[in-house]
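For reference, the structure discussed in these notes is given below.
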Amino acid sequence: MDMLIQIIVAAVGSGTPLLFATLGGILIERSGIIQLGAEGLMLMGAVVACMTYLNTGSLGLALLAVFAVSAILGVIHGFLTVTLISNQIVCGLAMTLFGAGLSAYLGKSYSGIPLPGSVPKWHMPGLENIPLIGDLFAHLDVLTWFSFLLVIVMHLFIHRTSWGLHLRAIGDNPPTADVMGIRVQAFRYGYIVVGSMLIGLAGADMLLVYSPTWTEGMTSGRGWIAVALIIFARWNPVRALVCAYFFGALDTIGFRFQLLGSHIPSYFLKMIPYIVTILVLMYLGWRNRNKPSGAPEALGIPYIREQRF
Amino acid sequence: MNKQPVTGEVPLNQGGASSSSRFIRLPYRLEYDPSKRVNVWWITIASVLLALIVCGIFIAANGMNPFPVYKKLLSGAFGSSFGLTETLVKSIPLLLCGLGVSIAYRISVWNIGAEGQFAAGAIAATAVTIYFPELPIYISIPLMMAFGVAAGAFWGLLTAIPRTYFQVNELITSLMLNYVALLALNYVVFGPWKDPKGFNFPGTPVFTASQSLPVLGDSRLHLGLAFAIIVVVLYAFTIKYTRWGYELRLIGANAEAAKNAGIRISRHIIIVMLISGGLAGLAGMSEVSGVTHRLMYGISPGYGYTAIIVAWLAKLNPVGLVVSSFLFGGLIVGGYSVQTLGLPSSISNMLQGAILFFLIAGDTIGKFRLKRND
């Protein structure tokens, strides 16, 4: 039982950054913009969190700085994809490459310095008395609790509020949304900015909770796994939670195997999440060959009034 | 155009991009004209300059004066015969990988897996030296090339099959495969293939003379340059003058029309990914056999990713590819030389990303025209 709890705690720990990034991506893609820059945004989030935290010693300031920088990057992304209607795929790629380069440049002198502290843990009173699973909740930090809250809020927002209806409208059919009086361009900007902030938070969470020192390229493809998770989750926040923890568990499997004294080289165990990502995408592609994938219908199609694409 | 407000307070103003402001009325607006075809060289140059300015701001924020840094970068890359040779040596893998991704981008197959295909080619070429160490040069070099190309092509195929038969986004697949290939590379150089006499250095034994590509005189310029030039010429010729190249251009221009014209797009995707991966594999082979003379940890400073920007800067044009791979080769070499000023070499990665940003903005900004609001 202890073992199982440990595995679940580890899965939640490495799944939470994936969850934040996936939720941010869902918000952006629901508004009809392809989000492929997650890797770069996460790296920027991590490096900004590291720099601010080491220089000021304040977690709150670190998170604020992460939000500010990610929001700026989001505005740039929005300007390119919404205003200038650039190629959204290449734009995401540019965000990834720029984020990787800039974070490596900024973080060079912070590389390998351990952080002075961590995100405080919080346990909801009463939960530890639940038999069997009570222990689980004792290990959760504030950011993890925030991610739970965010899943619920986003689910309700997308499916139960009129703003969520507008969000789905601008992602599925922007001309109709425009005629309804929803300002498509402005909303797309807004969702790109908020979504980018969540993805930046994913990077910060990875740095502050999961591996508390900055190393160059520390996300090692997790941003791209989050892009795949958006597809697995069919653009749905609740499914994103399940998928993120599944991949979080895969991420920790290698480590567990080594503790059990396995002789498989760790390099092969580290390949597991990447290979499983491809296999799951292939399975979904095969299963959904005659069905819609659940993607917003206008995903990747820029919208300019009076213009057909 | 319906000028009447539909829901009372929200006016529908004309035209696209400037419609987001309800309260501020700007004297000018941008109007999008998709039929306007612009491919102006000065937009490309302006993009590079703007990227330099933005990165200059970051350098200045780091407490350095950007001008001497850029000067050092330029002189390190192009200012001496050593620098120029190094730049050429670095531009060989960039050109080969850039050609590979360009072919894929022609038909909108977003292969970003050149890094992994490069590693696969390097591993396979090294396998020849490990398992057949005694071959004469005229057998071992062609065999290494064949293994390198085949491994790269296989790695490309692993991206193409999910794309064509399972509708999987090739961006994710090719990127995931990069990590798999790099982990495999690390496994062999830290594990079974590690040089027993190498003082724990993560690399294979050094290649013998018959496993190394011939070099020009006593410089570091190796035969890979000839491969790259041959491939550029072939690429230019095929795209322009063959039926296959015509079909690629047709798919690139309008995939739907090409499909209706009877072109089998899925077959093209597989062939293109085989070639794309094969070229990156050849780059990997020529790098281990011509430059490092061993497979080692961190063999690529991100050639596969830089190749994406090389291809985009060149607008997939063969002559442009030669120029931009030379420039980016210089950027990598210059990146190393600014380290003497106490700046990290990742400054060149930052510049690359910024250049790509401004390039894609420049791609569409020419399609807007400024109109007076009245």
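Chain labels A, B, ... are given in the sequence in which chains occur in the structure tokens; within each chain residues are numbered consecutively from 1, and ligands are likewise numbered from 1 in the order shown.
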**OP:** Any chance you could list, as a ChimeraX atom specification, the residues in segment 82-145 of chain B that come up alpha helix (DSSP H) when DSSP is run on the backbone?
**Re:** /B:82-106,114-131,137-145
**OP:** May I have the residues of chain B within 6 Å of chain A, counting only C-alpha atoms, written as a list in words?
**Re:**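 My answer is Gly16, Ala17, Ser20, Phe166, Gln167, Thr173, Met176, Val180, Leu183, Tyr187, Ser346, Ile347, Asn349, Met350, Gly353, Ala354, Leu356, Phe357 and Thr364 of chain B.
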Quick one: write out the picked residues with C-alpha atoms as a PDB file, in the first residue's frame?
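Result file follows (again_29.pdb):
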ATOM      1  CA  GLY B  16      -9.659  42.478 -40.442  1.00  0.00           C
ATOM      2  CA  ALA B  17      -6.837  42.957 -38.136  1.00  0.00           C
ATOM      3  CA  SER B  20     -10.171  44.596 -31.857  1.00  0.00           C
ATOM      4  CA  PHE B 166      -2.953   6.816 -38.553  1.00  0.00           C
ATOM      5  CA  GLN B 167      -3.405  10.567 -39.119  1.00  0.00           C
ATOM      6  CA  THR B 173       6.073  12.032 -33.696  1.00  0.00           C
ATOM      7  CA  MET B 176       9.437  12.360 -29.741  1.00  0.00           C
ATOM      8  CA  VAL B 180      14.484   8.395 -28.479  1.00  0.00           C
ATOM      9  CA  LEU B 183      18.833   8.485 -25.665  1.00  0.00           C
ATOM     10  CA  TYR B 187      23.288   4.593 -24.320  1.00  0.00           C
ATOM     11  CA  SER B 346      23.549  29.718 -26.345  1.00  0.00           C
ATOM     12  CA  ILE B 347      23.410  33.314 -27.552  1.00  0.00           C
ATOM     13  CA  ASN B 349      20.364  29.685 -30.233  1.00  0.00           C
ATOM     14  CA  MET B 350      18.570  32.774 -28.959  1.00  0.00           C
ATOM     15  CA  GLY B 353      14.829  31.657 -32.532  1.00  0.00           C
ATOM     16  CA  ALA B 354      14.436  35.422 -32.812  1.00  0.00           C
ATOM     17  CA  LEU B 356      12.608  32.692 -37.114  1.00  0.00           C
ATOM     18  CA  PHE B 357      10.070  34.854 -35.255  1.00  0.00           C
ATOM     19  CA  THR B 364       2.677  37.737 -44.040  1.00  0.00           C
TER      20      THR B 364
END
Subject >> Selected residue of minimal separation from Leu150 of chain A among A:Pro237, A:Pro114, A:Leu165, A:Cys50, counting only C-alpha atoms >> reply: A:Pro237
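Taking the backbone of this structure through DSSP, the residues of segment 172-334 of chain B that come out as strand (DSSP E or B) are Gly203, Val215, His222 and Met296 of chain B.
Atom CA of Gly200 of chain A is found 18.3 Å from atom CA of Tyr110 of chain A.
Between Leu221 of chain B and the residues B:Val319, B:Pro133, B:Pro142, B:Glu287, the shortest atom-to-atom distance, using only C-alpha atoms, involves B:Glu287.
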Original post:
Contacts of segment 244-258 of chain A at 6 Å or less, counting only C-alpha atoms, minus same-chain residues fewer than 6 places along, as number ranges by chain?
Top reply: A: 11-12, 14-15, 18-19, 269, 273
Can I get the selected residues back with C-alpha atoms, as a short mmCIF file (atom, residue, chain, number, x, y, z; two decimals), in the first residue's frame?
data_model
loop_
_atom_site.label_atom_id
_atom_site.label_comp_id
_atom_site.auth_asym_id
_atom_site.auth_seq_id
_atom_site.Cartn_x
_atom_site.Cartn_y
_atom_site.Cartn_z
CA ALA A 11 2.81 10.33 -10.76
CA VAL A 12 0.91 13.38 -9.50
CA SER A 14 5.49 14.70 -12.44
CA GLY A 15 2.01 14.89 -13.95
CA LEU A 18 1.98 18.30 -17.79
CA LEU A 19 -1.51 19.07 -16.51
CA LEU A 269 13.42 3.30 -19.52
CA PRO A 273 7.06 8.19 -22.33
#
Original post:
Of the candidates B:Lys197, B:Lys90, B:His293, B:Lys72, which shows the shortest atom-to-atom distance to Leu213 of chain B, using only C-alpha atoms?
Top reply: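 Comparing B:Lys197, B:Lys90, B:His293, B:Lys72 against Leu213 of chain B, the winner is B:His293.
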Original post:
Which residues, written as an MDAnalysis selection string, have at least one atom at most 10 Å from Gly56 of chain B, with only C-alpha atoms counted and residues fewer than 2 positions away on the same chain left out?
Top reply: chainID B and resid 50:54 58:62 64:67 69:70 351
